[in-house]
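> The structure's right below; bear with me while I get my questions together.
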Amino acid sequence: MKQNRSTMYGSAVLLIAVCVVTLAGHLRLAHADSRALASHSAGDKLDIRIPLQEKSVRFAVIGDSGTGDRAQYEVAERMEAYRQATKFDFVIMLGDNIYGSHSPRDFLKKFEQPYKPLLDAGVKFYASLGNHDDPDDERLYKPFNMGGERYYAFRKGEAAFFALDSNYMDPKQLSWLEQNLKDSQGTWKICFFHHPLYNDGKHHGADADLRTQVLPLFQRYGVNAVFSGHEHVYQRIKPENNIYYFVLGNSGKLMTHDFGEPRERVKGFDTDQSFMLVEIAGDKLYFQTIARNGETIDSGELPRIHQ
């Protein structure tokens, strides 16, 4: 009887071991299948509209991003997925980078954590100041690459970028802008700042005073494209005076149902958060605006207009 009981126990242990091994194998296969399916699904969602030409300038655009809310993190995750596919290596920020207080914890929660995969990959962020930003903190915050200044310029390939402080467009900044636009040898001249010169959004509208101050310089010195935030939506504005205008203020904040009848806008989107991809290659600027859910809401190809 003892021998039979031992035999039974041994058989049971062997059966359990076989089941465990078999189950583990099935789990490994299921896990591999799920990873493959997830990878396949993620690949399917990446609808890439920019051409990815050799030696082109590729960057992303975000505006009004610094909420620390779930939507900001989800846009950031989408950005990282597209970075892996498109290899953009810098981001321009259109203001309202940090909402609320500006403690070290706020910079961590509202910038460093959501964009950690991008920062770890070496992506540089170039900030401009919005009305909710603290210039004394943000211009000195090294990851914003402002060099301690409220306004500054940098060059990427054939594209020259000018980050402006539209909160306070004083004579000193205007003089700096004129001199830097005049001296720039960039084939493309791109300005970015917070308050839009043209805007069909009902909440804020266009900044007509700022437009009076800067537009003559933009026209005189051949600015090609302007990116602004502030209105918590996305807009592509019809070209004005041979200059392309985009408004993107919904990478964190969102203002739904913000549009009336179209006046200046060619395309508008006010139902979800978004970001932009931009590629500059030769005399063409390619753009793609992507919603938080991965949907491409606008894209196109714009020629450089010689002024």
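Every chain in the structure tokens takes a letter, A first, then B, and so on in the order presented; its residues are numbered from 1, and the ligands are numbered from 1 following the presented order.
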Find the residues near Thr271 in chain A: any atom within 9 Å, counting only C-alpha atoms, skip ones fewer than 5 places away on the same chain, and give them as an MDAnalysis selection string.
chainID A and resid 233 254:257
> Now that the selection is made, can you save its residues with C-alpha atoms as an mmCIF file, in the first residue's frame?

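Writing the result to selection_3.cif gives the following:
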```
data_model
loop_
_atom_site.group_PDB
_atom_site.id
_atom_site.type_symbol
_atom_site.label_atom_id
_atom_site.label_comp_id
_atom_site.auth_asym_id
_atom_site.auth_seq_id
_atom_site.Cartn_x
_atom_site.Cartn_y
_atom_site.Cartn_z
ATOM 1 C CA VAL A 233 -6.563 74.463 -30.229
ATOM 2 C CA LEU A 254 -7.609 72.126 -24.517
ATOM 3 C CA MET A 255 -10.444 74.519 -25.381
ATOM 4 C CA THR A 256 -13.236 72.578 -27.076
ATOM 5 C CA HIS A 257 -15.805 74.163 -29.406
#
```
> Any idea what's packed within 10 Å of range 164-167 of chain A, counting only C-alpha atoms, ignoring anything in its chain fewer than 5 positions away? Could you give it as number ranges by chain?
A: 94-95, 127-133, 135, 149-153, 173-174, 177, 191-196, 207, 210, 214, 228
> Write out as a ChimeraX atom specification which residues come within 12 Å of Asp47 in chain A when counting only C-alpha atoms, dropping same-chain ones fewer than 2 positions away.
/A:41-45,49-51,78,81-82,85-86,277,288-291,293-299
> Hey, can you check how far CA of Tyr99 in chain A sits from CA of Gly122 in chain A?
24.4 Å
> Identify which of the residues A:Val247, A:Val278, A:Leu302, A:Ser184 lies closest to Ala60 in chain A, counting only C-alpha atoms when measuring atom-to-atom distances.
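Under the stated criterion, the closest residue is A:Val278.
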> From a backbone DSSP assignment, name each residue in range 96-215 of chain A labelled strand (DSSP E), as a ChimeraX atom specification.
/A:124-127,152-156,159-163,188-192
> Find the distance between CA of Pro303 in chain A and CA of Glu178 in chain A and write it in Å to one decimal.
24.1 Å
> How far is it from CA of Arg304 in chain A to CA of Lys284 in chain A, in Å with one decimal?
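Distance between the two atoms: 5.9 Å.
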> Using only C-alpha atoms, which of the listed residues (A:Gln213, A:Val57, A:Leu197, A:Tyr126) sits closest to Asp170 in chain A?
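Under the stated criterion, the closest residue is A:Gln213.
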> With distances taken over only C-alpha atoms, which of A:Asp96, A:Val223, A:Gln53, A:Ile48 is nearest to Gly300 in chain A?
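Of all the options, A:Ile48 lies closest to Gly300 in chain A.
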> If we count only C-alpha atoms, what is near Ser65 in chain A at a cut-off of 8 Å, once residues fewer than 6 positions away on the same chain are taken out, given as a PDB file with N, CA and C atoms, in the first residue's frame?

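out.pdb, written as the output of this step:
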```
ATOM      1  N   GLN A  72      -1.284  65.364 -21.166  1.00  0.00           N
ATOM      2  CA  GLN A  72       0.076  65.755 -21.534  1.00  0.00           C
ATOM      3  C   GLN A  72       0.974  64.528 -21.642  1.00  0.00           C
ATOM      4  N   GLY A  95       5.283  78.157 -25.442  1.00  0.00           N
ATOM      5  CA  GLY A  95       4.885  78.906 -24.253  1.00  0.00           C
ATOM      6  C   GLY A  95       3.871  78.189 -23.392  1.00  0.00           C
ATOM      7  N   ASP A  96       3.685  78.718 -22.168  1.00  0.00           N
ATOM      8  CA  ASP A  96       2.914  78.052 -21.117  1.00  0.00           C
ATOM      9  C   ASP A  96       3.463  76.643 -20.920  1.00  0.00           C
ATOM     10  N   ASN A  97       4.758  76.638 -20.670  1.00  0.00           N
ATOM     11  CA  ASN A  97       5.504  75.389 -20.521  1.00  0.00           C
ATOM     12  C   ASN A  97       5.299  74.755 -19.150  1.00  0.00           C
ATOM     13  N   ILE A  98       5.049  75.606 -18.133  1.00  0.00           N
ATOM     14  CA  ILE A  98       4.815  75.149 -16.772  1.00  0.00           C
ATOM     15  C   ILE A  98       3.650  75.954 -16.201  1.00  0.00           C
ATOM     16  N   GLY A 249      -1.793  75.340 -29.469  1.00  0.00           N
ATOM     17  CA  GLY A 249      -1.797  75.569 -28.028  1.00  0.00           C
ATOM     18  C   GLY A 249      -2.562  74.503 -27.280  1.00  0.00           C
ATOM     19  N   ASN A 250      -2.519  73.264 -27.806  1.00  0.00           N
ATOM     20  CA  ASN A 250      -3.323  72.197 -27.206  1.00  0.00           C
ATOM     21  C   ASN A 250      -2.528  70.921 -26.946  1.00  0.00           C
ATOM     22  N   SER A 251      -1.250  71.074 -26.587  1.00  0.00           N
ATOM     23  CA  SER A 251      -0.460  69.880 -26.251  1.00  0.00           C
ATOM     24  C   SER A 251      -0.664  69.440 -24.808  1.00  0.00           C
ATOM     25  N   GLY A 252      -1.293  70.290 -24.012  1.00  0.00           N
ATOM     26  CA  GLY A 252      -1.662  69.952 -22.644  1.00  0.00           C
ATOM     27  C   GLY A 252      -3.051  70.474 -22.344  1.00  0.00           C
ATOM     28  N   LYS A 253      -3.222  71.775 -22.469  1.00  0.00           N
ATOM     29  CA  LYS A 253      -4.527  72.413 -22.315  1.00  0.00           C
ATOM     30  C   LYS A 253      -5.385  72.172 -23.555  1.00  0.00           C
TER      31      LYS A 253
END
```
> Find the residues near Gly186 in chain A: any atom within 9 Å, counting only C-alpha atoms, skip ones fewer than 6 places away on the same chain, and give them as a list in words.
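Contacts, with the query itself left out: Arg155, Lys156, Gly157, Glu158, Ala159, Ala160 and Phe161 of chain A.
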